[in-house]
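Here the structure comes first, spelled out in structure tokens, and everything after it is commentary.
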Amino acid sequence: MWSLGYNGCLAVNCQGRSGGLALFWSTDLCVSLQSFCSNFIDVHVKEASGVIWRATFVYGEPKTDRRHIFWDRLRFLKAQWQGPWVCIGDFNEVLSNDEHMGLTDKGETQMRLFRDCLEDCQLVDLGFCGPKYTWNNKQHGDSNIRVRLDRAVANGHFLQLFDDTQVENIITTSSDHFAVHLSLSKYSDRRQRETRGHNFKYEAAWCRAPDYMETVEKSWAAGSVGPSSLQTTWDKLSNLAGTLFQWSRDSFGSPHKEIGKLEKRLTR
């Protein structure tokens with residue numbers, strides 16, 4: 001804890017040589033423990049601004065026949081909280097066979113139970129940049145298996161609070177799992193952006209302009225830098241909104257002002 005520069009810690013002991021969880025934090029955040037077990041550490045985080053959000057750090061049940069118990073525990077946590085919520089860690093399951101690379105496919109039943117749990121908890125996958133598969137059995141040839149077991153999921157309230165969330169899978173050498181790095185913006189930075197941001201609205205008249213589609217396609221292509229993720233999609237949408245705002249002013253002027261002038265003339 002001290003070597004990493006943190007001054008708060010909570011640990012859950014391992015069972016034999018498997019499992020075990022540890023959570024470190026800096027005391028400039030107010031972190032309050034809500035519950036814990038061998039599969040997760042669940043906390044509330046209160047920022048200096050007074051905003052409170054929930055974080056659950058998970059180690060999914062490794063035994064298939066007991067995994068449904070873990071999904072039900074997440075559902076129980078959902079029933080206790082209606083605010084911003086993020087879950088991150090090793091879920092020990094995939095959402096589809098696209099996240100599993102090996103000679104045999106994963107069983108559909110277990111994947112469906114995972115998908116059902118996320119749907120019931122109103123949690124969505126936050127995507128990622130970096131390597132796709134976060135676990136490797138370290139074997140060679142046809143025996144090699146790679147799976148995306150580690151991820152971050154969050155509800156809509158969390159995405160509204162942290163609108164530029166980014167997840168990165170980071171290669172590690174000391175573990176058979178890659179690290180998952182979740183980056184959040186500072187609350188003060190978000191408030192500044194919200195204050196100076198424009199309220200984007202689509203105008204139906206735009207699609208009748210001969211250069212509308214060309215403008216959209218060029219703006220979207222210009223933002224296609226780096227791997228696809230929730231962050232890059234958001235950046236491209238923001239860039240497109242700014243491009244269309246400037247293009248509209250150049251092509252159409254200010255229709256709302258013109259409408260206002262005409263309304264005054266009609267009144268007179």
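Chain labels A, B, ... are given in the sequence in which chains occur in the structure tokens; within each chain residues are numbered consecutively from 1, and ligands are likewise numbered from 1 in the order shown.
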**Report entry** For Lys106 in chain A: contacts at 10 Å, only C-alpha atoms, fewer than 6 positions along chain excluded, given as a list in words
**Finding:** Glu93, Val94, Leu95, Ser96, Asn97, Asp98, Glu99 and His100 of chain A
File dump, residues just selected, N, CA and C atoms, as a compact mmCIF listing (two decimals), in the first residue's frame:
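Written file, result.txt:
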```txt
# COMPACT_ATOMS: atom_id res chain seq x y z
N GLU A 93 -16.28 -14.82 -16.45
CA GLU A 93 -17.26 -15.22 -17.45
C GLU A 93 -17.20 -14.24 -18.61
N VAL A 94 -17.69 -14.67 -19.76
CA VAL A 94 -17.72 -13.81 -20.95
C VAL A 94 -19.18 -13.57 -21.35
N LEU A 95 -19.38 -12.54 -22.16
CA LEU A 95 -20.73 -12.21 -22.62
C LEU A 95 -21.10 -12.94 -23.91
N SER A 96 -20.08 -13.32 -24.70
CA SER A 96 -20.33 -14.02 -25.96
C SER A 96 -19.08 -14.79 -26.34
N ASN A 97 -19.20 -15.69 -27.31
CA ASN A 97 -18.06 -16.47 -27.77
C ASN A 97 -17.03 -15.60 -28.49
N ASP A 98 -17.41 -14.39 -28.87
CA ASP A 98 -16.46 -13.47 -29.47
C ASP A 98 -15.37 -13.08 -28.47
N GLU A 99 -15.63 -13.24 -27.18
CA GLU A 99 -14.66 -12.90 -26.14
C GLU A 99 -13.85 -14.11 -25.68
N HIS A 100 -13.96 -15.21 -26.40
CA HIS A 100 -13.27 -16.45 -26.04
C HIS A 100 -12.57 -17.01 -27.27
```
Query raised in the report: Out of range 27-225 of chain A, which residues get alpha helix (DSSP H) from DSSP, as a PyMOL selection string?
Result: chain A and resi 67-79+108-120+156-161+187-196+212-222
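Neighbouring residues of Ala79 in chain A at 9 Å or closer, counting only C-alpha atoms and skipping chain neighbours under 4 positions away, are Leu74, Arg75 and Cys121 of chain A.
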Store the residues picked out above in a file with C-alpha atoms, as a short mmCIF file (atom, residue, chain, number, x, y, z; two decimals), in the first residue's frame.
```
data_model
loop_
_atom_site.label_atom_id
_atom_site.label_comp_id
_atom_site.auth_asym_id
_atom_site.auth_seq_id
_atom_site.Cartn_x
_atom_site.Cartn_y
_atom_site.Cartn_z
CA LEU A 74 -24.96 -8.55 -7.59
CA ARG A 75 -28.73 -8.36 -7.99
CA CYS A 121 -28.72 -4.73 -12.63
#
```
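Across the model, the gap from CA of Ser238 in chain A to CA of Ala222 in chain A is 12.1 Å.
With only C-alpha atoms as the atoms that count, the residue of A:Val31, A:Cys129, A:Leu23, A:Leu103 with the shortest distance to Gln166 in chain A is A:Cys129.
The shell of residues at most 12 Å from Asn13 in chain A, with only C-alpha atoms counted and near chain neighbours (fewer than 6 positions) removed, consists of A:Gly19, A:Gly20, A:Leu21, A:Ala22, A:Leu23, A:Phe36, A:Cys37, A:Ser38, A:Asn39, A:Phe40, A:Ile41.
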Those selected residues, please, written with C-alpha atoms and delivered as a PDB file, in the first residue's frame.
```pdb
ATOM      1  CA  GLY A  19      -8.930 -15.735  -4.380  1.00  0.00           C
ATOM      2  CA  GLY A  20      -8.256 -12.793  -2.119  1.00  0.00           C
ATOM      3  CA  LEU A  21      -9.078  -9.116  -2.666  1.00  0.00           C
ATOM      4  CA  ALA A  22      -7.374  -5.869  -1.711  1.00  0.00           C
ATOM      5  CA  LEU A  23      -8.615  -2.306  -2.152  1.00  0.00           C
ATOM      6  CA  PHE A  36     -17.663  -7.539   1.368  1.00  0.00           C
ATOM      7  CA  CYS A  37     -17.265 -11.268   0.807  1.00  0.00           C
ATOM      8  CA  SER A  38     -14.895 -13.589  -1.018  1.00  0.00           C
ATOM      9  CA  ASN A  39     -16.273 -12.318  -4.363  1.00  0.00           C
ATOM     10  CA  PHE A  40     -16.369  -8.542  -3.977  1.00  0.00           C
ATOM     11  CA  ILE A  41     -15.616  -5.400  -1.998  1.00  0.00           C
TER      12      ILE A  41
END
```
Query raised in the report: What lies within 12 Å of Tyr6 in chain A using only C-alpha atoms, ignoring chain neighbours under 2 positions off, as a list in words?
Result: Met1, Trp2, Ser3, Leu4, Gly8, Cys9, Leu10, Leu23, Phe24, Trp25, Ser26, Thr27, Asp28 and Leu29 of chain A
Go ahead and save the picked residues with C-alpha atoms, as a PDB file, in the first residue's frame.
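Generated output (part-v1.pdb):
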```pdb
ATOM      1  CA  MET A   1       0.000   0.000   0.000  1.00  0.00           C
ATOM      2  CA  TRP A   2       2.683   2.514   1.017  1.00  0.00           C
ATOM      3  CA  SER A   3       4.931   1.696  -1.945  1.00  0.00           C
ATOM      4  CA  LEU A   4       2.061   2.543  -4.321  1.00  0.00           C
ATOM      5  CA  GLY A   8      -6.201   3.497   2.965  1.00  0.00           C
ATOM      6  CA  CYS A   9      -6.599  -0.255   2.626  1.00  0.00           C
ATOM      7  CA  LEU A  10      -9.118  -3.086   2.986  1.00  0.00           C
ATOM      8  CA  LEU A  23      -8.615  -2.306  -2.152  1.00  0.00           C
ATOM      9  CA  PHE A  24      -6.283   0.691  -1.738  1.00  0.00           C
ATOM     10  CA  TRP A  25      -7.325   4.358  -1.828  1.00  0.00           C
ATOM     11  CA  SER A  26      -6.121   7.844  -1.014  1.00  0.00           C
ATOM     12  CA  THR A  27      -7.694   9.548   1.982  1.00  0.00           C
ATOM     13  CA  ASP A  28      -8.507  12.676  -0.032  1.00  0.00           C
ATOM     14  CA  LEU A  29     -11.571  10.601  -1.007  1.00  0.00           C
TER      15      LEU A  29
END
```
